[in-house]
Number of protein chains: 2
Amino acid sequence: MIIQTFFKEKKLRKRQLLLEQGEVCRYLSFISSGLMRTYNVDEKGNEHMSLFGWEGWWLSDFNSFLTGETSVFSIDAIEPSELLMITLADYEALTLAVPLMDRYFRILYQNSLITKEKRLLSSIKHTAEEKYLQLADTNPEMLKRVPQNLIASYLGIAPETLSRIRKKLIHSPTG
Amino acid sequence: MIIQTFFKEKKLRKRQLLLEQGEVCRYLSFISSGLMRTYNVDEKGNEHMSLFGWEGWWLSDFNSFLTGETSVFSIDAIEPSELLMITLADYEALTLAVPLMDRYFRILYQNSLITKEKRLLSSIKHTAEEKYLQLADTNPEMLKRVPQNLIASYLGIAPETLSRIRKKLIHSPTG
């Protein structure tokens, strides 16, 4: 199959690093199986989750991949994972060879923009509890698969705060 | 020219509303001239800027446009503006009639994803002053064109805080 020839396969162990913050991100990666995360570490050593991805998701430091600038994110495996990886040159070649891939990625990016827009608005206007409820509503799969401490980081709150919110919701008569 | 037949033109006066939060967003709009903004108003009546756009930018409540859900953003004109507007049906028809438009939008959305990713990370990890400096670095055009009170709202800070940051930077020996 022609599309497959543009990709190389890679297997990652649990906790194995795919990309280290500060490197240039050379690949756009499709997750065939497993669970991965993208995160930034700030000057004080605090981790800020950007994204969790599993089967069917694409991962990269997108700015770094497209522009060749150094990445602001690290990417590693939360569970053992299998990836299909493509370089920028092959990504461009693929969309020229198979124009339907332009359409595929156009629609993929539309959906990604919607997700990012919702998250951005939520980060500006919602309290921690509202953010958690919105996540439960829009992405219940993430809450099932991803460890609690990483969810807390994704929401930009302390693990204790998340634990308090969850207890409150469980014990709430309407929750 | 075939592409043009998919769009209808619209002129907006200064402050005229293009989309009201809570309506369904029926159009994706290309700005031919002018300056527009997209913003959300929360339950307490506070405005949260999402985006400023001028000549060459595309505007919509993207989720509402694509899914038919009600919009979480209002869109209005900061300056008198001229738009080219396309419905979802015509947007789909256009990309089928002119496959190169898939490529065009794919690349447009790539760039938009990069911008949103940077802003999201910045909103999570940066102080108000760092956010302002990053904006000055990545989008000086916005600082030139958009009124200060709207920039403050975009950064999620009070106008007085922005004014203090700007004074501090102007008077700083390295600034």
# chains A, B, ... in the order shown; residues from 1 in each chain; ligands from 1
>>> calpha_fit_and_write(fixed="chain A", moving="chain B", output="compact mmCIF listing (two decimals) with N, CA and C atoms, in the first residue's frame")
# COMPACT_ATOMS: atom_id res chain seq x y z
N MET B 1 0.87 -1.23 -0.01
CA MET B 1 -0.01 -0.03 -0.02
C MET B 1 0.85 1.23 0.00
N ILE B 2 0.58 2.14 -0.90
CA ILE B 2 1.49 3.28 -1.12
C ILE B 2 1.68 4.15 0.12
N ILE B 3 0.60 4.45 0.85
CA ILE B 3 0.71 5.38 1.99
C ILE B 3 1.72 4.87 3.01
N GLN B 4 1.68 3.57 3.25
CA GLN B 4 2.53 2.96 4.28
C GLN B 4 4.02 3.18 4.03
N THR B 5 4.41 3.27 2.76
CA THR B 5 5.83 3.41 2.44
C THR B 5 6.40 4.75 2.92
N PHE B 6 5.55 5.71 3.24
CA PHE B 6 6.03 7.00 3.71
C PHE B 6 6.35 6.99 5.21
N PHE B 7 5.95 5.94 5.90
CA PHE B 7 6.08 5.90 7.35
C PHE B 7 7.12 4.88 7.80
N LYS B 8 7.73 5.14 8.95
CA LYS B 8 8.51 4.08 9.59
C LYS B 8 7.87 3.74 10.94
N GLU B 9 8.01 2.44 11.31
CA GLU B 9 7.39 1.98 12.56
C GLU B 9 8.34 2.12 13.73
N LYS B 10 7.78 2.35 14.91
CA LYS B 10 8.61 2.41 16.12
C LYS B 10 7.81 1.89 17.30
N LYS B 11 8.46 1.10 18.16
CA LYS B 11 7.83 0.63 19.39
C LYS B 11 8.47 1.32 20.57
N LEU B 12 7.66 1.73 21.52
CA LEU B 12 8.17 2.40 22.72
C LEU B 12 7.78 1.60 23.96
N ARG B 13 8.74 1.47 24.90
CA ARG B 13 8.42 0.90 26.21
C ARG B 13 7.67 1.96 27.04
N LYS B 14 7.03 1.49 28.09
CA LYS B 14 6.42 2.41 29.05
C LYS B 14 7.48 3.40 29.54
N ARG B 15 7.14 4.67 29.60
CA ARG B 15 8.00 5.78 30.04
C ARG B 15 9.09 6.16 29.04
N GLN B 16 9.20 5.45 27.91
CA GLN B 16 10.27 5.81 26.95
C GLN B 16 9.97 7.15 26.29
N LEU B 17 11.04 7.95 26.13
CA LEU B 17 10.92 9.27 25.56
C LEU B 17 10.93 9.19 24.03
N LEU B 18 9.98 9.85 23.39
CA LEU B 18 9.98 9.93 21.93
C LEU B 18 10.66 11.23 21.48
N LEU B 19 10.39 12.31 22.23
CA LEU B 19 10.94 13.63 21.89
C LEU B 19 11.29 14.33 23.20
N GLU B 20 12.46 14.95 23.25
CA GLU B 20 12.83 15.71 24.44
C GLU B 20 12.74 17.20 24.14
N GLN B 21 12.05 17.90 25.02
CA GLN B 21 11.91 19.36 24.93
C GLN B 21 13.27 20.00 24.63
N GLY B 22 13.34 20.87 23.63
CA GLY B 22 14.61 21.51 23.27
C GLY B 22 15.23 20.91 22.01
N GLU B 23 14.86 19.67 21.70
CA GLU B 23 15.27 19.07 20.42
C GLU B 23 14.36 19.60 19.31
N VAL B 24 14.75 19.35 18.06
CA VAL B 24 13.83 19.61 16.96
C VAL B 24 12.98 18.35 16.74
N CYS B 25 11.68 18.55 16.59
CA CYS B 25 10.75 17.42 16.38
C CYS B 25 10.79 17.03 14.90
N ARG B 26 11.39 15.87 14.60
CA ARG B 26 11.61 15.47 13.20
C ARG B 26 10.47 14.65 12.61
N TYR B 27 9.50 14.23 13.46
CA TYR B 27 8.45 13.34 12.97
C TYR B 27 7.06 13.77 13.43
N LEU B 28 6.10 13.52 12.58
CA LEU B 28 4.69 13.52 12.96
C LEU B 28 4.35 12.05 13.15
N SER B 29 3.79 11.69 14.33
CA SER B 29 3.61 10.28 14.68
C SER B 29 2.14 9.91 14.84
N PHE B 30 1.78 8.81 14.24
CA PHE B 30 0.42 8.25 14.36
C PHE B 30 0.49 7.10 15.37
N ILE B 31 -0.40 7.12 16.36
CA ILE B 31 -0.37 6.07 17.39
C ILE B 31 -1.19 4.87 16.91
N SER B 32 -0.52 3.74 16.62
CA SER B 32 -1.23 2.51 16.24
C SER B 32 -1.81 1.83 17.47
N SER B 33 -1.06 1.88 18.58
CA SER B 33 -1.56 1.33 19.84
C SER B 33 -0.81 1.99 20.98
N GLY B 34 -1.45 2.02 22.16
CA GLY B 34 -0.79 2.57 23.33
C GLY B 34 -1.39 3.87 23.82
N LEU B 35 -0.62 4.55 24.67
CA LEU B 35 -1.07 5.80 25.28
C LEU B 35 0.17 6.69 25.46
N MET B 36 0.10 7.88 24.91
CA MET B 36 1.25 8.80 24.93
C MET B 36 0.83 10.14 25.54
N ARG B 37 1.83 10.92 25.92
CA ARG B 37 1.52 12.28 26.41
C ARG B 37 2.54 13.27 25.89
N THR B 38 2.10 14.52 25.78
CA THR B 38 2.93 15.65 25.36
C THR B 38 2.90 16.66 26.49
N TYR B 39 4.07 17.12 26.95
CA TYR B 39 4.09 18.02 28.10
C TYR B 39 5.28 18.96 28.04
N ASN B 40 5.12 20.07 28.74
CA ASN B 40 6.18 21.07 28.84
C ASN B 40 6.66 21.12 30.29
N VAL B 41 7.96 21.29 30.47
CA VAL B 41 8.51 21.47 31.82
C VAL B 41 9.00 22.91 31.92
N ASP B 42 8.48 23.68 32.90
CA ASP B 42 8.88 25.09 32.99
C ASP B 42 10.18 25.25 33.79
N GLU B 43 10.60 26.52 33.94
CA GLU B 43 11.89 26.82 34.56
C GLU B 43 11.96 26.30 35.99
N LYS B 44 10.79 26.21 36.64
CA LYS B 44 10.78 25.75 38.04
C LYS B 44 10.65 24.23 38.13
N GLY B 45 10.62 23.56 36.97
CA GLY B 45 10.54 22.10 37.00
C GLY B 45 9.11 21.57 37.03
N ASN B 46 8.13 22.46 36.92
CA ASN B 46 6.74 22.00 36.91
C ASN B 46 6.35 21.49 35.52
N GLU B 47 5.66 20.35 35.49
CA GLU B 47 5.17 19.80 34.22
C GLU B 47 3.80 20.37 33.88
N HIS B 48 3.61 20.74 32.60
CA HIS B 48 2.31 21.19 32.12
C HIS B 48 1.88 20.27 30.98
N MET B 49 0.85 19.47 31.20
CA MET B 49 0.39 18.54 30.17
C MET B 49 -0.21 19.32 29.02
N SER B 50 0.12 18.91 27.82
CA SER B 50 -0.50 19.53 26.65
C SER B 50 -1.56 18.62 26.06
N LEU B 51 -1.25 17.33 25.98
CA LEU B 51 -2.13 16.43 25.22
C LEU B 51 -1.90 14.99 25.65
N PHE B 52 -2.97 14.20 25.66
CA PHE B 52 -2.86 12.75 25.77
C PHE B 52 -3.38 12.17 24.47
N GLY B 53 -2.74 11.11 23.99
CA GLY B 53 -3.21 10.51 22.75
C GLY B 53 -3.13 9.00 22.81
N TRP B 54 -4.09 8.34 22.18
CA TRP B 54 -4.08 6.88 22.11
C TRP B 54 -4.37 6.45 20.69
N GLU B 55 -4.71 5.19 20.46
CA GLU B 55 -4.91 4.64 19.11
C GLU B 55 -5.68 5.62 18.22
N GLY B 56 -5.10 5.93 17.07
CA GLY B 56 -5.80 6.78 16.11
C GLY B 56 -5.43 8.25 16.20
N TRP B 57 -4.68 8.64 17.26
CA TRP B 57 -4.27 10.04 17.41
C TRP B 57 -2.94 10.29 16.71
N TRP B 58 -2.72 11.56 16.38
CA TRP B 58 -1.44 12.02 15.84
C TRP B 58 -0.74 12.87 16.90
N LEU B 59 0.57 12.77 16.95
CA LEU B 59 1.35 13.48 17.96
C LEU B 59 2.57 14.15 17.34
N SER B 60 2.90 15.33 17.83
CA SER B 60 4.17 15.99 17.51
C SER B 60 4.25 17.25 18.34
N ASP B 61 5.42 17.89 18.38
CA ASP B 61 5.45 19.30 18.71
C ASP B 61 5.26 19.97 17.35
N PHE B 62 4.02 20.38 17.07
CA PHE B 62 3.62 20.73 15.71
C PHE B 62 4.43 21.91 15.18
N ASN B 63 4.66 22.91 16.02
CA ASN B 63 5.44 24.05 15.58
C ASN B 63 6.87 23.62 15.21
N SER B 64 7.47 22.81 16.07
CA SER B 64 8.83 22.36 15.81
C SER B 64 8.89 21.50 14.55
N PHE B 65 7.92 20.60 14.40
CA PHE B 65 7.86 19.72 13.23
C PHE B 65 7.77 20.54 11.93
N LEU B 66 6.94 21.56 11.93
CA LEU B 66 6.69 22.30 10.69
C LEU B 66 7.74 23.38 10.41
N THR B 67 8.29 23.99 11.48
CA THR B 67 9.18 25.13 11.26
C THR B 67 10.65 24.78 11.46
N GLY B 68 10.92 23.66 12.15
CA GLY B 68 12.31 23.32 12.46
C GLY B 68 12.85 24.04 13.69
N GLU B 69 12.00 24.85 14.36
CA GLU B 69 12.41 25.45 15.63
C GLU B 69 12.52 24.34 16.69
N THR B 70 13.19 24.64 17.81
CA THR B 70 13.28 23.62 18.87
C THR B 70 11.91 23.43 19.52
N SER B 71 11.68 22.24 20.03
CA SER B 71 10.37 21.90 20.60
C SER B 71 10.21 22.49 22.00
N VAL B 72 8.99 22.85 22.35
CA VAL B 72 8.70 23.29 23.71
C VAL B 72 8.03 22.16 24.50
N PHE B 73 7.84 21.02 23.84
CA PHE B 73 7.21 19.88 24.50
C PHE B 73 8.14 18.66 24.47
N SER B 74 8.02 17.83 25.52
CA SER B 74 8.54 16.47 25.47
C SER B 74 7.37 15.54 25.19
N ILE B 75 7.67 14.39 24.60
CA ILE B 75 6.64 13.38 24.35
C ILE B 75 7.16 12.05 24.87
N ASP B 76 6.35 11.36 25.70
CA ASP B 76 6.75 10.02 26.12
C ASP B 76 5.54 9.09 26.20
N ALA B 77 5.85 7.80 26.46
CA ALA B 77 4.81 6.78 26.47
C ALA B 77 4.32 6.53 27.90
N ILE B 78 3.01 6.65 28.12
CA ILE B 78 2.44 6.31 29.43
C ILE B 78 2.26 4.79 29.50
N GLU B 79 1.87 4.20 28.38
CA GLU B 79 1.79 2.74 28.24
C GLU B 79 2.70 2.33 27.07
N PRO B 80 3.10 1.03 26.97
CA PRO B 80 3.85 0.59 25.79
C PRO B 80 3.05 0.97 24.55
N SER B 81 3.74 1.53 23.53
CA SER B 81 3.02 2.09 22.38
C SER B 81 3.70 1.74 21.06
N GLU B 82 2.90 1.70 20.01
CA GLU B 82 3.43 1.50 18.66
C GLU B 82 3.05 2.68 17.79
N LEU B 83 4.05 3.21 17.07
CA LEU B 83 3.84 4.42 16.28
C LEU B 83 4.16 4.20 14.81
N LEU B 84 3.51 4.99 13.96
CA LEU B 84 3.91 5.15 12.56
C LEU B 84 4.37 6.59 12.41
N MET B 85 5.63 6.78 11.98
CA MET B 85 6.24 8.10 11.99
C MET B 85 6.60 8.57 10.58
N ILE B 86 6.35 9.87 10.34
CA ILE B 86 6.63 10.43 9.02
C ILE B 86 7.45 11.72 9.18
N THR B 87 8.45 11.92 8.32
CA THR B 87 9.23 13.16 8.35
C THR B 87 8.44 14.26 7.62
N LEU B 88 8.88 15.50 7.81
CA LEU B 88 8.20 16.62 7.14
C LEU B 88 8.30 16.47 5.62
N ALA B 89 9.48 16.09 5.12
CA ALA B 89 9.65 15.93 3.67
C ALA B 89 8.69 14.87 3.13
N ASP B 90 8.56 13.75 3.87
CA ASP B 90 7.66 12.69 3.42
C ASP B 90 6.19 13.07 3.59
N TYR B 91 5.92 13.87 4.59
CA TYR B 91 4.55 14.37 4.80
C TYR B 91 4.14 15.25 3.61
N GLU B 92 5.05 16.11 3.19
CA GLU B 92 4.77 16.96 2.02
C GLU B 92 4.65 16.09 0.77
N ALA B 93 5.55 15.12 0.63
CA ALA B 93 5.52 14.24 -0.54
C ALA B 93 4.24 13.41 -0.57
N LEU B 94 3.82 12.96 0.60
CA LEU B 94 2.60 12.15 0.69
C LEU B 94 1.37 12.93 0.23
N THR B 95 1.25 14.19 0.67
CA THR B 95 0.06 14.97 0.29
C THR B 95 0.09 15.31 -1.20
N LEU B 96 1.30 15.40 -1.77
CA LEU B 96 1.38 15.63 -3.22
C LEU B 96 1.06 14.35 -3.99
N ALA B 97 1.53 13.21 -3.49
CA ALA B 97 1.31 11.92 -4.17
C ALA B 97 -0.14 11.47 -4.03
N VAL B 98 -0.74 11.76 -2.86
CA VAL B 98 -2.11 11.31 -2.57
C VAL B 98 -2.91 12.53 -2.11
N PRO B 99 -3.48 13.30 -3.06
CA PRO B 99 -4.15 14.56 -2.69
C PRO B 99 -5.27 14.37 -1.66
N LEU B 100 -5.83 13.18 -1.61
CA LEU B 100 -6.87 12.92 -0.61
C LEU B 100 -6.33 13.08 0.82
N MET B 101 -5.01 12.96 0.97
CA MET B 101 -4.41 13.14 2.31
C MET B 101 -4.50 14.61 2.75
N ASP B 102 -4.50 15.54 1.80
CA ASP B 102 -4.76 16.94 2.15
C ASP B 102 -6.13 17.06 2.80
N ARG B 103 -7.09 16.38 2.20
CA ARG B 103 -8.45 16.39 2.73
C ARG B 103 -8.50 15.75 4.11
N TYR B 104 -7.81 14.60 4.22
CA TYR B 104 -7.76 13.90 5.50
C TYR B 104 -7.21 14.80 6.60
N PHE B 105 -6.03 15.40 6.34
CA PHE B 105 -5.42 16.25 7.36
C PHE B 105 -6.22 17.53 7.58
N ARG B 106 -6.84 18.06 6.54
CA ARG B 106 -7.67 19.25 6.69
C ARG B 106 -8.78 18.97 7.71
N ILE B 107 -9.42 17.83 7.58
CA ILE B 107 -10.52 17.49 8.49
C ILE B 107 -9.99 17.15 9.89
N LEU B 108 -8.85 16.45 9.93
CA LEU B 108 -8.20 16.16 11.21
C LEU B 108 -7.90 17.46 11.96
N TYR B 109 -7.34 18.43 11.26
CA TYR B 109 -6.95 19.69 11.91
C TYR B 109 -8.17 20.52 12.30
N GLN B 110 -9.24 20.44 11.51
CA GLN B 110 -10.48 21.10 11.92
C GLN B 110 -10.90 20.63 13.31
N ASN B 111 -10.91 19.29 13.48
CA ASN B 111 -11.36 18.74 14.75
C ASN B 111 -10.40 19.13 15.88
N SER B 112 -9.12 19.15 15.56
CA SER B 112 -8.14 19.51 16.56
C SER B 112 -8.29 20.98 16.97
N LEU B 113 -8.59 21.83 16.00
CA LEU B 113 -8.81 23.26 16.30
C LEU B 113 -10.00 23.45 17.23
N ILE B 114 -11.06 22.69 16.99
CA ILE B 114 -12.24 22.77 17.85
C ILE B 114 -11.86 22.41 19.29
N THR B 115 -11.12 21.31 19.45
CA THR B 115 -10.71 20.87 20.79
C THR B 115 -9.85 21.93 21.47
N LYS B 116 -8.89 22.49 20.73
CA LYS B 116 -7.99 23.47 21.33
C LYS B 116 -8.74 24.76 21.68
N GLU B 117 -9.69 25.15 20.83
CA GLU B 117 -10.46 26.36 21.09
C GLU B 117 -11.28 26.19 22.38
N LYS B 118 -11.90 25.04 22.54
CA LYS B 118 -12.69 24.78 23.75
C LYS B 118 -11.80 24.80 24.99
N ARG B 119 -10.61 24.19 24.86
CA ARG B 119 -9.73 24.11 26.02
C ARG B 119 -9.19 25.49 26.38
N LEU B 120 -8.90 26.29 25.35
CA LEU B 120 -8.38 27.64 25.58
C LEU B 120 -9.43 28.49 26.30
N LEU B 121 -10.64 28.44 25.82
CA LEU B 121 -11.72 29.21 26.46
C LEU B 121 -11.92 28.73 27.89
N SER B 122 -11.90 27.42 28.06
CA SER B 122 -12.08 26.84 29.39
C SER B 122 -10.97 27.27 30.33
N SER B 123 -9.75 27.33 29.83
CA SER B 123 -8.61 27.70 30.69
C SER B 123 -8.71 29.16 31.14
N ILE B 124 -9.37 29.99 30.31
CA ILE B 124 -9.48 31.41 30.63
C ILE B 124 -10.63 31.66 31.60
N LYS B 125 -11.76 30.96 31.41
CA LYS B 125 -12.95 31.40 32.14
C LYS B 125 -13.48 30.44 33.19
N HIS B 126 -13.01 29.19 33.23
CA HIS B 126 -13.61 28.23 34.14
C HIS B 126 -12.82 28.00 35.41
N THR B 127 -13.54 27.66 36.49
CA THR B 127 -12.91 27.20 37.72
C THR B 127 -12.42 25.76 37.51
N ALA B 128 -11.60 25.27 38.44
CA ALA B 128 -11.08 23.91 38.36
C ALA B 128 -12.22 22.89 38.25
N GLU B 129 -13.26 23.08 39.06
CA GLU B 129 -14.37 22.13 39.03
C GLU B 129 -15.09 22.15 37.69
N GLU B 130 -15.31 23.34 37.15
CA GLU B 130 -15.97 23.45 35.84
C GLU B 130 -15.12 22.81 34.74
N LYS B 131 -13.78 22.99 34.84
CA LYS B 131 -12.90 22.37 33.85
C LYS B 131 -13.01 20.85 33.90
N TYR B 132 -13.05 20.32 35.10
CA TYR B 132 -13.17 18.87 35.26
C TYR B 132 -14.49 18.37 34.68
N LEU B 133 -15.58 19.08 34.98
CA LEU B 133 -16.89 18.68 34.47
C LEU B 133 -16.93 18.75 32.95
N GLN B 134 -16.31 19.77 32.39
CA GLN B 134 -16.30 19.89 30.93
C GLN B 134 -15.51 18.75 30.30
N LEU B 135 -14.40 18.40 30.94
CA LEU B 135 -13.59 17.30 30.43
C LEU B 135 -14.38 15.99 30.50
N ALA B 136 -15.07 15.77 31.62
CA ALA B 136 -15.88 14.56 31.78
C ALA B 136 -16.95 14.49 30.71
N ASP B 137 -17.44 15.66 30.31
CA ASP B 137 -18.50 15.73 29.32
C ASP B 137 -17.95 15.52 27.90
N THR B 138 -16.83 16.16 27.59
CA THR B 138 -16.35 16.15 26.20
C THR B 138 -15.36 15.01 25.94
N ASN B 139 -14.71 14.48 26.99
CA ASN B 139 -13.68 13.47 26.74
C ASN B 139 -13.62 12.44 27.87
N PRO B 140 -14.72 11.71 28.11
CA PRO B 140 -14.76 10.73 29.20
C PRO B 140 -13.68 9.65 29.04
N GLU B 141 -13.33 9.33 27.78
CA GLU B 141 -12.28 8.34 27.50
C GLU B 141 -10.96 8.73 28.18
N MET B 142 -10.66 10.02 28.15
CA MET B 142 -9.41 10.47 28.77
C MET B 142 -9.41 10.19 30.27
N LEU B 143 -10.54 10.48 30.92
CA LEU B 143 -10.63 10.27 32.38
C LEU B 143 -10.49 8.80 32.73
N LYS B 144 -10.95 7.91 31.83
CA LYS B 144 -10.84 6.48 32.09
C LYS B 144 -9.40 6.00 31.95
N ARG B 145 -8.68 6.53 30.95
CA ARG B 145 -7.39 5.95 30.59
C ARG B 145 -6.19 6.58 31.27
N VAL B 146 -6.28 7.87 31.59
CA VAL B 146 -5.09 8.59 32.03
C VAL B 146 -5.03 8.67 33.56
N PRO B 147 -3.85 8.41 34.14
CA PRO B 147 -3.70 8.48 35.60
C PRO B 147 -4.11 9.86 36.15
N GLN B 148 -4.67 9.85 37.38
CA GLN B 148 -5.20 11.05 38.01
C GLN B 148 -4.20 12.21 38.12
N ASN B 149 -2.95 11.89 38.47
CA ASN B 149 -1.98 12.98 38.65
C ASN B 149 -1.71 13.71 37.33
N LEU B 150 -1.81 12.97 36.22
CA LEU B 150 -1.60 13.60 34.91
C LEU B 150 -2.82 14.41 34.49
N ILE B 151 -4.00 13.91 34.85
CA ILE B 151 -5.23 14.68 34.58
C ILE B 151 -5.17 16.01 35.32
N ALA B 152 -4.73 15.96 36.57
CA ALA B 152 -4.62 17.20 37.37
C ALA B 152 -3.69 18.19 36.67
N SER B 153 -2.56 17.70 36.20
CA SER B 153 -1.60 18.56 35.52
C SER B 153 -2.22 19.14 34.23
N TYR B 154 -2.98 18.29 33.52
CA TYR B 154 -3.65 18.72 32.29
C TYR B 154 -4.61 19.87 32.58
N LEU B 155 -5.29 19.79 33.73
CA LEU B 155 -6.26 20.83 34.10
C LEU B 155 -5.57 22.03 34.77
N GLY B 156 -4.28 21.90 35.01
CA GLY B 156 -3.55 22.99 35.65
C GLY B 156 -3.88 23.14 37.12
N ILE B 157 -4.20 22.03 37.81
CA ILE B 157 -4.54 22.10 39.23
C ILE B 157 -3.70 21.06 40.00
N ALA B 158 -3.65 21.20 41.33
CA ALA B 158 -2.91 20.25 42.17
C ALA B 158 -3.68 18.93 42.23
N PRO B 159 -2.98 17.79 42.35
CA PRO B 159 -3.64 16.48 42.46
C PRO B 159 -4.65 16.45 43.62
N GLU B 160 -4.32 17.15 44.72
CA GLU B 160 -5.24 17.16 45.88
C GLU B 160 -6.54 17.89 45.53
N THR B 161 -6.42 18.95 44.74
CA THR B 161 -7.62 19.69 44.32
C THR B 161 -8.52 18.79 43.47
N LEU B 162 -7.91 18.04 42.56
CA LEU B 162 -8.68 17.14 41.70
C LEU B 162 -9.37 16.07 42.55
N SER B 163 -8.63 15.53 43.49
CA SER B 163 -9.16 14.49 44.36
C SER B 163 -10.36 15.03 45.16
N ARG B 164 -10.25 16.28 45.63
CA ARG B 164 -11.34 16.92 46.38
C ARG B 164 -12.57 17.11 45.48
N ILE B 165 -12.33 17.56 44.25
CA ILE B 165 -13.44 17.78 43.31
C ILE B 165 -14.16 16.46 43.04
N ARG B 166 -13.39 15.40 42.81
CA ARG B 166 -13.99 14.10 42.49
C ARG B 166 -14.83 13.57 43.66
N LYS B 167 -14.30 13.72 44.88
CA LYS B 167 -15.05 13.27 46.07
C LYS B 167 -16.35 14.05 46.21
N LYS B 168 -16.25 15.35 46.02
CA LYS B 168 -17.41 16.23 46.15
C LYS B 168 -18.49 15.82 45.14
N LEU B 169 -18.08 15.55 43.90
CA LEU B 169 -19.05 15.21 42.86
C LEU B 169 -19.69 13.85 43.12
N ILE B 170 -18.88 12.90 43.62
CA ILE B 170 -19.41 11.56 43.91
C ILE B 170 -20.46 11.63 45.02
N HIS B 171 -20.20 12.48 46.03
CA HIS B 171 -21.10 12.57 47.18
C HIS B 171 -22.24 13.55 46.98
N SER B 172 -22.19 14.30 45.88
CA SER B 172 -23.27 15.26 45.64
C SER B 172 -24.54 14.51 45.23
N PRO B 173 -25.72 14.93 45.77
CA PRO B 173 -26.98 14.22 45.49
C PRO B 173 -27.32 14.19 44.00
N THR B 174 -26.88 15.20 43.24
CA THR B 174 -27.19 15.20 41.81
C THR B 174 -26.04 14.66 40.97
N GLY B 175 -24.91 14.30 41.61
CA GLY B 175 -23.67 14.03 40.85
C GLY B 175 -23.54 12.65 40.29
>>> select_by_dssp(residues="region 39-116 of chain A", states="strand (DSSP E)", output="ChimeraX atom specification")
/A:39-41,47-54,58-59,74-87
>>> select_by_dssp(residues="chain A", states="alpha helix (DSSP H)", output="number ranges by chain")
A: 62-67, 88-97, 100-125, 128-138, 140-145, 148-155, 159-171
